[in-house]
Amino acid sequence: MSQLAIKGGKPLRDVKANPWPKWPYWDDNDKKALIKVLESGVWSYNGPVEQQFNQAYAEFTGTKYALSVANGTVSIQLALEALGIGLGDEVIVPGLTWQATAATVLDVNAVPILVDVDEETWCIDPVAVERAITSRTKAIIPVHLYGCFADMDAILDLAQKHNLKVIEDCAHKQGAQWKDKKAGSIGIAGSFSFQLSKLMTAGEGGALTTSDDALYEKLDALRNCGRRPEQQIDADKGAGIYTDEGNFIQSGNYRITDFQAAILLEALKRLPQHNQTREKNAVYFNSLLADIPGVLPMRRDERETMEAYYNFSIRYKKDAFKGLSVEVFRQALEKEIGTPVESSYEPLNSCALYTPHTKPWRYKITEQHWRDLDPRRFDLPVCRKVFQEESVCFHHTVLMGTKKDMDLLAEAIQKIYNNVDELL
């Protein structure tokens, strides 16, 4: 009789009787906050709740400014625009990230330069970054991926040496700290996502952080139809009252609503405790992996003084499992624990969602620019190995559980190891 759930055996967790923690998380405080906005009649356009959230998020990240924006994609695009990056420029991006990190570079007519990642953190490799720098390079976008930080010391050293801007992609990192500095406060700008699956969520939404006065002014104008921060709207007339007439910038509307801001304020209150819970469980679970062959924790840099886990990831070594593919391992593990177990992001040089050449009407500015945008020209062996052979990723809800839940995860991996012959 088979032991493994994927082969008809009994799973280790009955999720109907014992479900994993819910996500998104909300309580009565969220309801009250939404109703308060509803009854106020001020639902959008720099509303009081949005302003309150911006101030609170700036204080939380240790930056001078925070700006709410529509999502964590346009946030990077606006940062690039505000820094004057565009046609003829190159921006270095890790090859293992959500496609939006590179797509934003396309959307300002610059060229994304894809580089490989560190095999123990899956974050951008500073050595690969330095090799990729040319006279056209203007910025680096390190992505703090899943449960790891990019090596910000090395990235900042390179940026200073070559006069480059650093925009942190912190979509996975609300509340994490590098040498006691919060993610989003280390580069010239930080970009955050509040999409449904993220550590803080309003369904959609994003934020930009910076301590640079001039950059803040441009960012605020770019997200708000080109208006400068001191330019207000006459709510009664629906018309602009411009105190600095003529000092405009062409842009669009990337604002959020006060409903979203109300949800985010409540989420921000909970975030430190949620992060502490995830941190405690992750450290404990990683300690259990030491007793199981073939599964390794991600490398935790000693400079990371507080971690934040969007997806919790481990590295799979198939040789210890008699050559069992990581895909089958993930499927077997998912059946045992009753929650999705996924791969990492697909490398951008072969990602179905990152295909610049499907939009010639937008990106084919010159023949040379068109050739530069072909992601297939980049070689990303570590990214490919992570995606095809090693990545095992859980949603952060598994870390919202108990110590017993972590024991169960380890037990499930051990169970597959002990019964691997059933899968071969």
# chains A, B, ... in the order shown; residues from 1 in each chain; ligands from 1

$ closest_atom_pairs --of "stretch 225-323 of chain A" --to "stretch 179-198 of chain A" --cutoff "8 Å" --atoms "only C-alpha atoms" --output "tab-separated table"
residue	atom	partner	partner_atom	distance
A:Arg303	CA	A:Lys179	CA	5.1
A:Glu304	CA	A:Lys179	CA	6.0
A:Thr305	CA	A:Lys179	CA	5.8
A:Met306	CA	A:Asp180	CA	7.6
A:Tyr310	CA	A:Lys198	CA	6.2

$ residues_around --residues "A:Trp26" --least-positions-apart "5" --cutoff "9 Å" --atoms "only C-alpha atoms" --output "list in words"
Lys31, Ile263, Glu266 and Ala267 of chain A

$ select_by_dssp --residues "stretch 30-74 of chain A" --states "strand (DSSP E or B)" --output "MDAnalysis selection string"
chainID A and resid 44 65:69

$ closest_residue --among "A:Lys364, A:His172, A:His144, A:Lys165" --to "A:Ile85" --atoms "only C-alpha atoms"
A:Lys165

$ residues_around --residues "A:Thr73" --least-positions-apart "2" --cutoff "8 Å" --atoms "only C-alpha atoms" --output "PyMOL selection string"
chain A and resi 71+75-77+100-101+104+193+206

$ closest_atom_pairs --of "stretch 80-165 of chain A" --to "stretch 391-412 of chain A" --cutoff "12 Å" --atoms "only C-alpha atoms" --output "Markdown table"
| residue | atom | partner | partner_atom | distance |
| --- | --- | --- | --- | --- |
| A:Leu96 | CA | A:Ser391 | CA | 11.5 |
| A:Glu119 | CA | A:Ser391 | CA | 10.6 |
| A:Glu120 | CA | A:Ser391 | CA | 11.0 |
| A:Thr121 | CA | A:Ser391 | CA | 11.1 |
| A:Trp122 | CA | A:Ser391 | CA | 9.6 |
| A:Leu145 | CA | A:Cys393 | CA | 11.5 |
| A:Tyr146 | CA | A:Cys393 | CA | 8.6 |
| A:Gly147 | CA | A:His396 | CA | 9.6 |

$ residues_around --residues "stretch 384-388 of chain A" --least-positions-apart "4" --cutoff "7 Å" --atoms "only C-alpha atoms" --output "NGL selection string"
:A and (343-347 or 380)

$ write_last_selection --atoms "C-alpha atoms" --output "short mmCIF file (atom, residue, chain, number, x, y, z; two decimals), in the first residue's frame"
data_model
loop_
_atom_site.label_atom_id
_atom_site.label_comp_id
_atom_site.auth_asym_id
_atom_site.auth_seq_id
_atom_site.Cartn_x
_atom_site.Cartn_y
_atom_site.Cartn_z
CA SER A 343 8.53 27.02 -8.39
CA SER A 344 10.39 30.29 -8.42
CA TYR A 345 9.69 32.91 -11.04
CA GLU A 346 10.59 31.83 -14.55
CA PRO A 347 13.87 33.39 -15.77
CA LEU A 380 21.33 33.16 -17.04
#

$ residues_around --residues "A:Pro94" --least-positions-apart "2" --cutoff "6 Å" --atoms "only C-alpha atoms" --output "JSON, numbers by chain"
{"A": [96, 114, 115, 124]}

$ write_last_selection --atoms "N, CA and C atoms" --output "short mmCIF file (atom, residue, chain, number, x, y, z; two decimals), in the first residue's frame"
data_model
loop_
_atom_site.label_atom_id
_atom_site.label_comp_id
_atom_site.auth_asym_id
_atom_site.auth_seq_id
_atom_site.Cartn_x
_atom_site.Cartn_y
_atom_site.Cartn_z
N LEU A 96 15.89 36.78 -12.38
CA LEU A 96 14.91 35.98 -11.64
C LEU A 96 14.06 36.94 -10.83
N LEU A 114 19.53 42.03 -18.32
CA LEU A 114 19.27 40.92 -17.40
C LEU A 114 20.58 40.29 -16.95
N VAL A 115 20.76 40.14 -15.65
CA VAL A 115 21.97 39.50 -15.13
C VAL A 115 21.59 38.36 -14.20
N ILE A 124 20.05 39.32 -7.05
CA ILE A 124 20.99 39.78 -8.06
C ILE A 124 22.44 39.62 -7.60
#

$ closest_residue --among "A:Arg371, A:Lys359, A:Lys415, A:Arg13" --to "A:Val111" --atoms "only C-alpha atoms"
A:Arg371

$ atom_distance --atom1 "atom CA of A:Leu324" --atom2 "atom CA of A:Pro293"
13.2 Å

$ closest_residue --among "A:Ile413, A:Leu156, A:Ala290, A:Leu353" --to "A:Lys335" --atoms "only C-alpha atoms"
A:Ile413
